[in-house]
$ cat entry.pdb   # PDB, C-alpha atoms, pLDDT in the B column
ATOM      1  CA  MET A 201       7.786  -7.189  35.322  1.00 78.00           C
ATOM      2  CA  PRO A 202       4.044  -7.144  34.571  1.00 76.00           C
ATOM      3  CA  SER A 203       2.433 -10.587  34.594  1.00 81.00           C
ATOM      4  CA  SER A 204       1.011 -10.332  31.046  1.00 83.00           C
ATOM      5  CA  TRP A 205       1.735  -8.314  27.931  1.00 76.00           C
ATOM      6  CA  LYS A 206      -1.633  -6.578  28.412  1.00 83.00           C
ATOM      7  CA  GLU A 207      -0.365  -5.084  31.664  1.00 86.00           C
ATOM      8  CA  SER A 208       2.972  -4.110  30.127  1.00 92.00           C
ATOM      9  CA  GLY A 209       4.096  -1.343  27.815  1.00 92.00           C
ATOM     10  CA  LEU A 210       3.474  -3.686  24.870  1.00 94.00           C
ATOM     11  CA  ARG A 211      -0.135  -2.602  25.160  1.00 94.00           C
ATOM     12  CA  TRP A 212       1.063   0.605  23.440  1.00 95.00           C
ATOM     13  CA  TYR A 213       2.398  -1.259  20.381  1.00 95.00           C
ATOM     14  CA  TRP A 214      -0.553  -0.016  18.321  1.00 97.00           C
ATOM     15  CA  VAL A 215       1.380   3.276  18.069  1.00 98.00           C
ATOM     16  CA  VAL A 216       4.186   1.417  16.244  1.00 98.00           C
ATOM     17  CA  VAL A 217       1.676   0.092  13.719  1.00 98.00           C
ATOM     18  CA  LEU A 218       0.026   3.506  13.279  1.00 98.00           C
ATOM     19  CA  VAL A 219       3.328   5.365  12.758  1.00 98.00           C
ATOM     20  CA  PHE A 220       4.564   2.665  10.380  1.00 98.00           C
ATOM     21  CA  ILE A 221       1.394   2.729   8.252  1.00 98.00           C
ATOM     22  CA  ILE A 222       1.208   6.538   8.041  1.00 98.00           C
ATOM     23  CA  ASP A 223       4.924   6.720   7.205  1.00 98.00           C
ATOM     24  CA  GLN A 224       4.781   4.058   4.502  1.00 98.00           C
ATOM     25  CA  LEU A 225       1.584   5.416   2.931  1.00 98.00           C
ATOM     26  CA  SER A 226       3.062   8.920   2.757  1.00 98.00           C
ATOM     27  CA  LYS A 227       6.267   7.620   1.158  1.00 98.00           C
ATOM     28  CA  GLN A 228       4.362   5.495  -1.367  1.00 97.00           C
ATOM     29  CA  TRP A 229       2.300   8.557  -2.289  1.00 97.00           C
ATOM     30  CA  VAL A 230       5.479  10.602  -2.811  1.00 97.00           C
ATOM     31  CA  LEU A 231       7.059   7.870  -4.948  1.00 98.00           C
ATOM     32  CA  ALA A 232       3.910   7.559  -7.069  1.00 97.00           C
ATOM     33  CA  ASN A 233       3.372  11.297  -7.587  1.00 97.00           C
ATOM     34  CA  PHE A 234       6.771  13.029  -7.574  1.00 97.00           C
ATOM     35  CA  GLU A 235       9.905  12.908  -9.646  1.00 97.00           C
ATOM     36  CA  LEU A 236      13.189  13.016  -7.753  1.00 97.00           C
ATOM     37  CA  TYR A 237      13.824  16.615  -6.562  1.00 96.00           C
ATOM     38  CA  GLU A 238      10.361  17.747  -7.649  1.00 97.00           C
ATOM     39  CA  SER A 239       9.070  20.353  -5.220  1.00 95.00           C
ATOM     40  CA  ILE A 240       5.781  22.053  -4.393  1.00 96.00           C
ATOM     41  CA  LYS A 241       5.713  25.175  -2.239  1.00 95.00           C
ATOM     42  CA  LEU A 242       3.029  24.785   0.426  1.00 94.00           C
ATOM     43  CA  LEU A 243       3.858  27.612   2.850  1.00 94.00           C
ATOM     44  CA  PRO A 244       6.313  30.534   2.822  1.00 94.00           C
ATOM     45  CA  SER A 245       8.955  28.398   4.594  1.00 95.00           C
ATOM     46  CA  PHE A 246       7.818  24.873   3.725  1.00 96.00           C
ATOM     47  CA  ASN A 247       8.053  22.782   0.568  1.00 95.00           C
ATOM     48  CA  PHE A 248       7.006  19.251  -0.233  1.00 95.00           C
ATOM     49  CA  THR A 249      10.174  18.018  -1.994  1.00 96.00           C
ATOM     50  CA  TYR A 250      11.089  14.443  -2.910  1.00 97.00           C
ATOM     51  CA  VAL A 251      14.706  13.610  -2.069  1.00 95.00           C
ATOM     52  CA  ARG A 252      16.583  10.417  -1.308  1.00 93.00           C
ATOM     53  CA  ASN A 253      18.629  10.008   1.852  1.00 89.00           C
ATOM     54  CA  TYR A 254      21.301   7.329   1.658  1.00 81.00           C
ATOM     55  CA  GLY A 255      22.515   8.115   5.181  1.00 67.00           C
ATOM     56  CA  ALA A 256      20.922   8.609   8.566  1.00 63.00           C
ATOM     57  CA  ALA A 257      19.571  11.707  10.288  1.00 59.00           C
ATOM     58  CA  PHE A 258      20.533  14.906   8.462  1.00 56.00           C
ATOM     59  CA  SER A 259      22.162  12.775   5.718  1.00 57.00           C
ATOM     60  CA  PHE A 260      24.876  11.572   8.122  1.00 53.00           C
ATOM     61  CA  LEU A 261      27.185   9.177   6.208  1.00 54.00           C
ATOM     62  CA  SER A 262      25.129   9.560   3.017  1.00 57.00           C
ATOM     63  CA  ASP A 263      28.267   9.508   0.857  1.00 54.00           C
ATOM     64  CA  ALA A 264      29.974   6.591   2.630  1.00 51.00           C
ATOM     65  CA  GLY A 265      29.775   4.198  -0.308  1.00 58.00           C
ATOM     66  CA  GLY A 266      26.883   1.892   0.643  1.00 59.00           C
ATOM     67  CA  TRP A 267      28.090   0.046   3.742  1.00 63.00           C
ATOM     68  CA  GLN A 268      26.108   2.473   5.921  1.00 64.00           C
ATOM     69  CA  ARG A 269      22.856   0.940   4.625  1.00 66.00           C
ATOM     70  CA  TRP A 270      23.663  -2.266   6.516  1.00 77.00           C
ATOM     71  CA  LEU A 271      24.952  -0.449   9.596  1.00 79.00           C
ATOM     72  CA  PHE A 272      21.706   1.528   9.880  1.00 78.00           C
ATOM     73  CA  THR A 273      19.713  -1.670   9.277  1.00 85.00           C
ATOM     74  CA  ILE A 274      21.479  -3.380  12.192  1.00 89.00           C
ATOM     75  CA  VAL A 275      21.019  -0.302  14.400  1.00 88.00           C
ATOM     76  CA  ALA A 276      17.276  -0.094  13.580  1.00 92.00           C
ATOM     77  CA  VAL A 277      16.693  -3.786  14.283  1.00 95.00           C
ATOM     78  CA  GLY A 278      18.799  -3.659  17.446  1.00 94.00           C
ATOM     79  CA  PHE A 279      17.136  -0.585  18.935  1.00 94.00           C
ATOM     80  CA  SER A 280      13.654  -1.797  17.997  1.00 96.00           C
ATOM     81  CA  THR A 281      14.327  -5.133  19.688  1.00 96.00           C
ATOM     82  CA  LEU A 282      15.807  -3.507  22.792  1.00 96.00           C
ATOM     83  CA  LEU A 283      12.925  -1.035  23.142  1.00 96.00           C
ATOM     84  CA  THR A 284      10.382  -3.848  22.654  1.00 96.00           C
ATOM     85  CA  VAL A 285      12.029  -5.854  25.466  1.00 96.00           C
ATOM     86  CA  TRP A 286      11.917  -2.757  27.696  1.00 95.00           C
ATOM     87  CA  LEU A 287       8.247  -2.210  26.830  1.00 96.00           C
ATOM     88  CA  ARG A 288       7.476  -5.764  27.969  1.00 95.00           C
ATOM     89  CA  LYS A 289       9.203  -5.115  31.301  1.00 94.00           C
ATOM     90  CA  GLN A 290       7.441  -1.886  32.216  1.00 94.00           C
ATOM     91  CA  SER A 291       3.909  -1.126  33.281  1.00 92.00           C
ATOM     92  CA  LYS A 292       1.280   0.065  30.816  1.00 91.00           C
ATOM     93  CA  SER A 293       0.739   3.042  33.143  1.00 92.00           C
ATOM     94  CA  LEU A 294       4.095   4.598  32.169  1.00 93.00           C
ATOM     95  CA  TRP A 295       2.339   6.196  29.222  1.00 93.00           C
ATOM     96  CA  GLN A 296       4.951   8.842  28.384  1.00 94.00           C
ATOM     97  CA  LEU A 297       7.837   6.387  28.181  1.00 96.00           C
ATOM     98  CA  ASN A 298       5.732   3.744  26.411  1.00 96.00           C
ATOM     99  CA  LEU A 299       4.619   6.328  23.852  1.00 97.00           C
ATOM    100  CA  ALA A 300       8.222   7.457  23.387  1.00 97.00           C
ATOM    101  CA  PHE A 301       9.500   3.919  22.812  1.00 97.00           C
ATOM    102  CA  THR A 302       6.723   3.069  20.363  1.00 98.00           C
ATOM    103  CA  LEU A 303       7.262   6.281  18.369  1.00 98.00           C
ATOM    104  CA  VAL A 304      10.964   5.459  18.026  1.00 97.00           C
ATOM    105  CA  ILE A 305      10.253   1.842  17.045  1.00 98.00           C
ATOM    106  CA  GLY A 306       7.609   2.833  14.474  1.00 98.00           C
ATOM    107  CA  GLY A 307       9.921   5.408  12.914  1.00 97.00           C
ATOM    108  CA  ALA A 308      12.929   3.084  12.911  1.00 95.00           C
ATOM    109  CA  LEU A 309      10.930   0.325  11.204  1.00 97.00           C
ATOM    110  CA  GLY A 310       9.493   2.760   8.647  1.00 97.00           C
ATOM    111  CA  ASN A 311      12.964   3.900   7.596  1.00 95.00           C
ATOM    112  CA  LEU A 312      14.284   0.322   7.790  1.00 94.00           C
ATOM    113  CA  ILE A 313      11.766  -0.808   5.178  1.00 96.00           C
ATOM    114  CA  ASP A 314      12.880   2.032   2.879  1.00 94.00           C
ATOM    115  CA  ARG A 315      16.536   1.056   3.232  1.00 90.00           C
ATOM    116  CA  LEU A 316      15.825  -2.607   2.543  1.00 92.00           C
ATOM    117  CA  GLN A 317      13.395  -1.954  -0.299  1.00 94.00           C
ATOM    118  CA  HIS A 318      15.084   0.973  -2.088  1.00 93.00           C
ATOM    119  CA  GLY A 319      18.577   1.325  -0.629  1.00 87.00           C
ATOM    120  CA  PHE A 320      17.661   4.844   0.558  1.00 91.00           C
ATOM    121  CA  VAL A 321      15.070   6.601   2.714  1.00 93.00           C
ATOM    122  CA  VAL A 322      12.360   8.689   1.042  1.00 96.00           C
ATOM    123  CA  ASP A 323      12.314  12.216   2.497  1.00 96.00           C
ATOM    124  CA  PHE A 324       9.905  14.983   1.515  1.00 96.00           C
ATOM    125  CA  LEU A 325       9.302  17.508   4.313  1.00 96.00           C
ATOM    126  CA  ASP A 326      11.471  20.532   3.456  1.00 96.00           C
ATOM    127  CA  PHE A 327      11.549  23.478   5.876  1.00 95.00           C
ATOM    128  CA  TYR A 328      13.689  26.504   5.081  1.00 94.00           C
ATOM    129  CA  TRP A 329      14.404  30.134   5.908  1.00 94.00           C
ATOM    130  CA  LYS A 330      15.293  32.389   2.964  1.00 90.00           C
ATOM    131  CA  THR A 331      17.938  30.253   1.175  1.00 90.00           C
ATOM    132  CA  SER A 332      18.890  28.015   4.114  1.00 91.00           C
ATOM    133  CA  HIS A 333      17.169  24.627   4.052  1.00 88.00           C
ATOM    134  CA  PHE A 334      16.874  22.271   7.018  1.00 88.00           C
ATOM    135  CA  PRO A 335      17.652  18.715   5.832  1.00 88.00           C
ATOM    136  CA  ALA A 336      14.504  17.132   4.388  1.00 91.00           C
ATOM    137  CA  PHE A 337      12.862  14.491   6.537  1.00 93.00           C
ATOM    138  CA  ASN A 338       9.744  12.276   6.721  1.00 96.00           C
ATOM    139  CA  ILE A 339       7.050  11.011   9.102  1.00 97.00           C
ATOM    140  CA  ALA A 340       9.331   8.282  10.507  1.00 96.00           C
ATOM    141  CA  ASP A 341      12.043  10.833  11.289  1.00 94.00           C
ATOM    142  CA  SER A 342       9.456  13.019  13.026  1.00 96.00           C
ATOM    143  CA  ALA A 343       8.273  10.088  15.161  1.00 97.00           C
ATOM    144  CA  ILE A 344      11.855   9.218  16.120  1.00 95.00           C
ATOM    145  CA  CYS A 345      12.621  12.829  17.117  1.00 95.00           C
ATOM    146  CA  ILE A 346       9.413  13.202  19.130  1.00 97.00           C
ATOM    147  CA  GLY A 347      10.042   9.835  20.801  1.00 97.00           C
ATOM    148  CA  ALA A 348      13.643  10.759  21.635  1.00 96.00           C
ATOM    149  CA  GLY A 349      12.455  14.087  23.046  1.00 97.00           C
ATOM    150  CA  LEU A 350       9.908  12.301  25.247  1.00 96.00           C
ATOM    151  CA  ILE A 351      12.605   9.911  26.487  1.00 95.00           C
ATOM    152  CA  ILE A 352      14.813  12.863  27.438  1.00 95.00           C
ATOM    153  CA  LEU A 353      11.873  14.620  29.095  1.00 95.00           C
ATOM    154  CA  ASP A 354      11.039  11.438  30.992  1.00 92.00           C
ATOM    155  CA  THR A 355      14.545  11.242  32.434  1.00 90.00           C
ATOM    156  CA  PHE A 356      14.062  14.672  33.994  1.00 90.00           C
ATOM    157  CA  THR A 357      10.485  14.165  35.174  1.00 85.00           C
ATOM    158  CA  ALA A 358      11.131  10.626  36.462  1.00 73.00           C
ATOM    159  CA  GLU A 359      14.128  11.895  38.440  1.00 63.00           C
ATOM    160  CA  ARG A 360      12.092  14.767  39.888  1.00 59.00           C
ATOM    161  CA  ASN A 361       9.192  12.436  40.777  1.00 59.00           C
ATOM    162  CA  SER A 362      11.634  10.031  42.435  1.00 55.00           C
ATOM    163  CA  ASN A 363      13.143  12.895  44.462  1.00 52.00           C
ATOM    164  CA  ASN A 364       9.669  14.100  45.499  1.00 51.00           C
ATOM    165  CA  ASN A 365       8.711  10.578  46.610  1.00 53.00           C
ATOM    166  CA  ASP A 366      11.967  10.220  48.583  1.00 51.00           C
ATOM    167  CA  ALA A 367      11.387  13.594  50.273  1.00 49.00           C
ATOM    168  CA  ALA A 368       7.818  12.617  51.205  1.00 50.00           C
ATOM    169  CA  LYS A 369       9.063   9.363  52.794  1.00 56.00           C
ATOM    170  CA  GLY A 370      11.900  10.981  54.731  1.00 54.00           C
TER     171      GLY A 370
END

$ encode --input "entry.pdb" --output "C-alpha coordinates"
Amino acid sequence: MPSSWKESGLRWYWVVVLVFIIDQLSKQWVLANFELYESIKLLPSFNFTYVRNYGAAFSFLSDAGGWQRWLFTIVAVGFSTLLTVWLRKQSKSLWQLNLAFTLVIGGALGNLIDRLQHGFVVDFLDFYWKTSHFPAFNIADSAICIGAGLIILDTFTAERNSNNNDAAKG
(Lines of atoms letter the chains of each structure in order from A and count residues from 1; the text may use other names and numbers.)
(Lines give C-alpha, C1' and ligand atoms only; values in the text may rest on other atoms or scores of the structure.)
Protein backbone atom coordinates (compact mmCIF):
# COMPACT_ATOMS: atom_id res chain seq x y z
CA MET A 1 0.00 0.00 0.00
CA PRO A 2 1.34 3.47 -0.85
CA SER A 3 2.72 5.36 2.15
CA SER A 4 0.46 8.42 1.71
CA TRP A 5 -2.83 9.19 0.00
CA LYS A 6 -0.90 11.40 -2.45
CA GLU A 7 0.93 8.33 -3.73
CA SER A 8 -2.26 6.27 -3.89
CA GLY A 9 -5.20 6.15 -6.27
CA LEU A 10 -6.99 8.66 -4.02
CA ARG A 11 -5.00 11.28 -5.89
CA TRP A 12 -7.55 10.71 -8.69
CA TYR A 13 -10.54 11.60 -6.48
CA TRP A 14 -10.89 14.93 -8.27
CA VAL A 15 -12.61 12.93 -11.05
CA VAL A 16 -15.34 11.94 -8.55
CA VAL A 17 -15.93 15.60 -7.73
CA LEU A 18 -15.94 16.62 -11.41
CA VAL A 19 -18.39 13.89 -12.47
CA PHE A 20 -20.63 14.63 -9.49
CA ILE A 21 -20.75 18.38 -10.18
CA ILE A 22 -21.39 18.01 -13.93
CA ASP A 23 -24.08 15.39 -13.26
CA GLN A 24 -25.87 17.43 -10.60
CA LEU A 25 -25.70 20.68 -12.58
CA SER A 26 -27.14 18.98 -15.67
CA LYS A 27 -29.98 17.44 -13.64
CA GLN A 28 -30.77 20.74 -11.90
CA TRP A 29 -30.91 22.42 -15.31
CA VAL A 30 -33.32 19.76 -16.59
CA LEU A 31 -35.54 20.09 -13.50
CA ALA A 32 -35.61 23.88 -13.83
CA ASN A 33 -36.31 23.98 -17.57
CA PHE A 34 -38.35 20.90 -18.51
CA GLU A 35 -41.72 19.48 -17.63
CA LEU A 36 -41.88 15.73 -17.07
CA TYR A 37 -41.75 13.96 -20.48
CA GLU A 38 -41.00 17.20 -22.31
CA SER A 39 -38.68 16.50 -25.22
CA ILE A 40 -36.50 18.46 -27.63
CA LYS A 41 -35.13 16.81 -30.76
CA LEU A 42 -31.42 17.62 -31.06
CA LEU A 43 -30.25 15.14 -33.71
CA PRO A 44 -32.00 12.65 -36.01
CA SER A 45 -31.60 9.88 -33.41
CA PHE A 46 -31.20 11.87 -30.19
CA ASN A 47 -33.66 13.76 -28.00
CA PHE A 48 -33.25 15.65 -24.76
CA THR A 49 -36.21 14.22 -22.80
CA TYR A 50 -36.93 14.57 -19.08
CA VAL A 51 -38.01 11.28 -17.50
CA ARG A 52 -37.89 9.86 -14.00
CA ASN A 53 -36.27 6.52 -13.25
CA TYR A 54 -37.44 4.88 -10.04
CA GLY A 55 -35.25 1.83 -10.66
CA ALA A 56 -31.65 1.20 -11.60
CA ALA A 57 -29.96 0.85 -14.98
CA PHE A 58 -32.47 0.53 -17.82
CA SER A 59 -35.31 1.05 -15.30
CA PHE A 60 -34.55 -2.29 -13.60
CA LEU A 61 -37.01 -2.74 -10.69
CA SER A 62 -38.66 0.63 -11.42
CA ASP A 63 -42.11 -0.76 -10.60
CA ALA A 64 -41.09 -2.64 -7.44
CA GLY A 65 -43.09 -0.47 -5.05
CA GLY A 66 -40.43 1.77 -3.48
CA TRP A 67 -38.20 -0.60 -1.51
CA GLN A 68 -35.69 -0.58 -4.39
CA ARG A 69 -34.83 3.06 -3.57
CA TRP A 70 -33.20 1.90 -0.33
CA LEU A 71 -31.57 -1.15 -1.92
CA PHE A 72 -29.92 1.03 -4.57
CA THR A 73 -28.90 3.53 -1.88
CA ILE A 74 -27.14 0.77 0.08
CA VAL A 75 -25.50 -0.57 -3.09
CA ALA A 76 -24.25 2.91 -4.09
CA VAL A 77 -22.80 3.63 -0.65
CA GLY A 78 -21.29 0.15 -0.41
CA PHE A 79 -19.62 0.18 -3.82
CA SER A 80 -18.39 3.76 -3.38
CA THR A 81 -16.83 2.84 -0.04
CA LEU A 82 -15.26 -0.35 -1.40
CA LEU A 83 -13.81 1.41 -4.46
CA THR A 84 -12.46 4.24 -2.26
CA VAL A 85 -10.68 1.68 -0.04
CA TRP A 86 -9.22 0.04 -3.15
CA LEU A 87 -8.09 3.43 -4.47
CA ARG A 88 -6.20 4.04 -1.21
CA LYS A 89 -4.42 0.69 -1.57
CA GLN A 90 -3.20 1.09 -5.14
CA SER A 91 -0.56 3.28 -6.70
CA LYS A 92 -1.41 6.58 -8.36
CA SER A 93 0.38 5.26 -11.46
CA LEU A 94 -2.44 2.78 -12.20
CA TRP A 95 -4.21 5.56 -14.05
CA GLN A 96 -6.69 3.43 -16.02
CA LEU A 97 -8.01 1.59 -12.98
CA ASN A 98 -7.99 4.72 -10.82
CA LEU A 99 -9.93 6.60 -13.50
CA ALA A 100 -12.39 3.71 -13.78
CA PHE A 101 -13.02 3.57 -10.03
CA THR A 102 -13.48 7.33 -9.74
CA LEU A 103 -15.90 7.44 -12.68
CA VAL A 104 -18.02 4.73 -11.05
CA ILE A 105 -17.93 6.46 -7.65
CA GLY A 106 -18.83 9.86 -9.12
CA GLY A 107 -21.74 8.39 -11.06
CA ALA A 108 -22.98 6.31 -8.13
CA LEU A 109 -22.95 9.35 -5.83
CA GLY A 110 -24.69 11.52 -8.43
CA ASN A 111 -27.57 9.05 -8.74
CA LEU A 112 -27.57 8.46 -4.97
CA ILE A 113 -28.26 12.15 -4.34
CA ASP A 114 -31.20 12.01 -6.78
CA ARG A 115 -32.68 8.98 -5.04
CA LEU A 116 -32.34 10.56 -1.60
CA GLN A 117 -33.54 14.00 -2.68
CA HIS A 118 -36.36 13.10 -5.10
CA GLY A 119 -37.03 9.38 -4.72
CA PHE A 120 -36.08 8.89 -8.39
CA VAL A 121 -33.17 9.54 -10.75
CA VAL A 122 -33.45 12.33 -13.33
CA ASP A 123 -32.73 10.98 -16.82
CA PHE A 124 -32.69 13.03 -20.02
CA LEU A 125 -30.40 11.57 -22.71
CA ASP A 126 -32.71 9.75 -25.15
CA PHE A 127 -31.16 7.87 -28.08
CA TYR A 128 -33.41 6.04 -30.53
CA TRP A 129 -33.63 4.40 -33.94
CA LYS A 130 -36.90 4.90 -35.84
CA THR A 131 -39.47 4.07 -33.11
CA SER A 132 -37.18 2.05 -30.82
CA HIS A 133 -35.82 4.07 -27.90
CA PHE A 134 -32.84 3.08 -25.76
CA PRO A 135 -33.71 3.69 -22.09
CA ALA A 136 -33.03 7.32 -21.19
CA PHE A 137 -29.97 7.94 -19.05
CA ASN A 138 -27.85 10.77 -17.59
CA ILE A 139 -24.25 11.89 -17.03
CA ALA A 140 -23.87 9.71 -13.91
CA ASP A 141 -25.02 6.63 -15.83
CA SER A 142 -22.53 7.43 -18.59
CA ALA A 143 -19.68 7.73 -16.06
CA ILE A 144 -20.64 4.41 -14.45
CA CYS A 145 -20.75 2.63 -17.84
CA ILE A 146 -17.43 4.10 -18.98
CA GLY A 147 -15.86 3.23 -15.61
CA ALA A 148 -17.20 -0.33 -15.74
CA GLY A 149 -15.89 -0.68 -19.30
CA LEU A 150 -12.44 0.50 -18.19
CA ILE A 151 -12.47 -1.99 -15.31
CA ILE A 152 -13.27 -4.82 -17.73
CA LEU A 153 -10.60 -3.60 -20.15
CA ASP A 154 -8.10 -3.42 -17.29
CA THR A 155 -8.71 -7.06 -16.37
CA PHE A 156 -7.66 -8.09 -19.87
CA THR A 157 -4.71 -5.71 -20.21
CA ALA A 158 -3.45 -6.35 -16.66
CA GLU A 159 -3.56 -10.11 -17.30
CA ARG A 160 -1.70 -9.71 -20.60
CA ASN A 161 0.91 -7.42 -19.00
CA SER A 162 1.37 -9.93 -16.17
CA ASN A 163 1.85 -12.76 -18.69
CA ASN A 164 4.37 -10.68 -20.67
CA ASN A 165 6.32 -9.91 -17.49
CA ASP A 166 6.31 -13.60 -16.48
CA ALA A 167 7.53 -14.61 -19.96
CA ALA A 168 10.34 -12.03 -19.82
CA LYS A 169 11.49 -13.37 -16.43
CA GLY A 170 11.38 -17.03 -17.44

$ atom_distance --input "entry.pdb" --atom1 "atom CA of Gln228 of chain A" --atom2 "atom CA of Ile313 of chain A"
11.7 Å

$ resolve_selection --input "entry.pdb" --expression "the PyMOL selection byres ((chain A and resi 325) around 9)" --output "list in words"
Phe246, Asn247, Phe248, Thr249, Tyr250, Asp323, Phe324, Asp326, Phe327, Pro335, Ala336, Phe337, Asn338 and Ile339 of chain A

$ closest_atom_pairs --input "entry.pdb" --of "segment 292-315 of chain A" --to "segment 203-212 of chain A" --cutoff "10 Å" --atoms "all atoms listed in the file" --output "JSON lines"
{"residue": "A:Lys292", "atom": "CA", "partner": "A:Gly209", "partner_atom": "CA", "distance": 4.3}
{"residue": "A:Ser293", "atom": "CA", "partner": "A:Gly209", "partner_atom": "CA", "distance": 7.7}
{"residue": "A:Leu294", "atom": "CA", "partner": "A:Gly209", "partner_atom": "CA", "distance": 7.4}
{"residue": "A:Trp295", "atom": "CA", "partner": "A:Gly209", "partner_atom": "CA", "distance": 7.9}
{"residue": "A:Leu297", "atom": "CA", "partner": "A:Gly209", "partner_atom": "CA", "distance": 8.6}
{"residue": "A:Asn298", "atom": "CA", "partner": "A:Gly209", "partner_atom": "CA", "distance": 5.5}
{"residue": "A:Leu299", "atom": "CA", "partner": "A:Trp212", "partner_atom": "CA", "distance": 6.8}
{"residue": "A:Ala300", "atom": "CA", "partner": "A:Trp212", "partner_atom": "CA", "distance": 9.9}
{"residue": "A:Phe301", "atom": "CA", "partner": "A:Gly209", "partner_atom": "CA", "distance": 9.1}
{"residue": "A:Thr302", "atom": "CA", "partner": "A:Trp212", "partner_atom": "CA", "distance": 6.9}
{"residue": "A:Leu303", "atom": "CA", "partner": "A:Trp212", "partner_atom": "CA", "distance": 9.8}

$ write_last_selection --input "entry.pdb" --atoms "C-alpha atoms" --output "PDB file, in the frame of the given file"
ATOM      1  CA  LYS A 292       1.280   0.065  30.816  1.00 91.00           C
ATOM      2  CA  SER A 293       0.739   3.042  33.143  1.00 92.00           C
ATOM      3  CA  LEU A 294       4.095   4.598  32.169  1.00 93.00           C
ATOM      4  CA  TRP A 295       2.339   6.196  29.222  1.00 93.00           C
ATOM      5  CA  LEU A 297       7.837   6.387  28.181  1.00 96.00           C
ATOM      6  CA  ASN A 298       5.732   3.744  26.411  1.00 96.00           C
ATOM      7  CA  LEU A 299       4.619   6.328  23.852  1.00 97.00           C
ATOM      8  CA  ALA A 300       8.222   7.457  23.387  1.00 97.00           C
ATOM      9  CA  PHE A 301       9.500   3.919  22.812  1.00 97.00           C
ATOM     10  CA  THR A 302       6.723   3.069  20.363  1.00 98.00           C
ATOM     11  CA  LEU A 303       7.262   6.281  18.369  1.00 98.00           C
TER      12      LEU A 303
END

$ resolve_selection --input "entry.pdb" --expression "the PyMOL selection byres ((chain A and resi 277) around 12)" --output "count of residues only"
25

$ resolve_selection --input "entry.pdb" --expression "the PyMOL selection byres ((chain A and resi 350) around 9)" --output "list in words"
Gln296, Leu297, Leu299, Ala300, Phe301, Cys345, Ile346, Gly347, Ala348, Gly349, Ile351, Ile352, Leu353, Asp354 and Thr355 of chain A

$ closest_residue --input "entry.pdb" --among "A:Val321, A:Ala358, A:Gln290, A:Phe334" --to "Asp223 of chain A" --atoms "all atoms listed in the file"
A:Val321

$ residues_near_point --input "entry.pdb" --point "(16.2, 0.7, -2.9)" --cutoff "12 Å" --atoms "only C-alpha atoms" --output "list in words"
Leu231, Arg252, Asn253, Tyr254, Gly266, Arg269, Asn311, Leu312, Ile313, Asp314, Arg315, Leu316, Gln317, His318, Gly319, Phe320, Val321 and Val322 of chain A

$ atom_distance --input "entry.pdb" --atom1 "atom CA of Leu243 of chain A" --atom2 "atom CA of Trp329 of chain A"
11.3 Å

$ atom_distance --input "entry.pdb" --atom1 "atom CA of Ala343 of chain A" --atom2 "atom CA of Leu242 of chain A"
21.5 Å

$ build_atoms --input "entry.pdb" --residues "segment 339-350 of chain A" --atoms "N, CA and C atoms" --output "short mmCIF file (atom, residue, chain, number, x, y, z; two decimals), in the coordinates of the input"
data_model
loop_
_atom_site.label_atom_id
_atom_site.label_comp_id
_atom_site.auth_asym_id
_atom_site.auth_seq_id
_atom_site.Cartn_x
_atom_site.Cartn_y
_atom_site.Cartn_z
N ILE A 339 7.88 11.31 7.93
CA ILE A 339 7.05 11.01 9.10
C ILE A 339 7.82 10.15 10.10
N ALA A 340 8.56 9.16 9.62
CA ALA A 340 9.33 8.28 10.51
C ALA A 340 10.36 9.09 11.29
N ASP A 341 11.05 9.98 10.61
CA ASP A 341 12.04 10.83 11.29
C ASP A 341 11.37 11.68 12.37
N SER A 342 10.20 12.21 12.05
CA SER A 342 9.46 13.02 13.03
C SER A 342 9.11 12.19 14.26
N ALA A 343 8.63 10.97 14.04
CA ALA A 343 8.27 10.09 15.16
C ALA A 343 9.49 9.78 16.02
N ILE A 344 10.62 9.51 15.38
CA ILE A 344 11.86 9.22 16.12
C ILE A 344 12.26 10.43 16.96
N CYS A 345 12.23 11.61 16.38
CA CYS A 345 12.62 12.83 17.12
C CYS A 345 11.68 13.12 18.27
N ILE A 346 10.38 12.98 18.05
CA ILE A 346 9.41 13.20 19.13
C ILE A 346 9.62 12.16 20.23
N GLY A 347 9.80 10.90 19.83
CA GLY A 347 10.04 9.84 20.80
C GLY A 347 11.30 10.08 21.60
N ALA A 348 12.38 10.47 20.93
CA ALA A 348 13.64 10.76 21.64
C ALA A 348 13.46 11.93 22.60
N GLY A 349 12.73 12.95 22.17
CA GLY A 349 12.46 14.09 23.05
C GLY A 349 11.67 13.68 24.28
N LEU A 350 10.69 12.79 24.10
CA LEU A 350 9.91 12.30 25.25
C LEU A 350 10.76 11.46 26.19
#
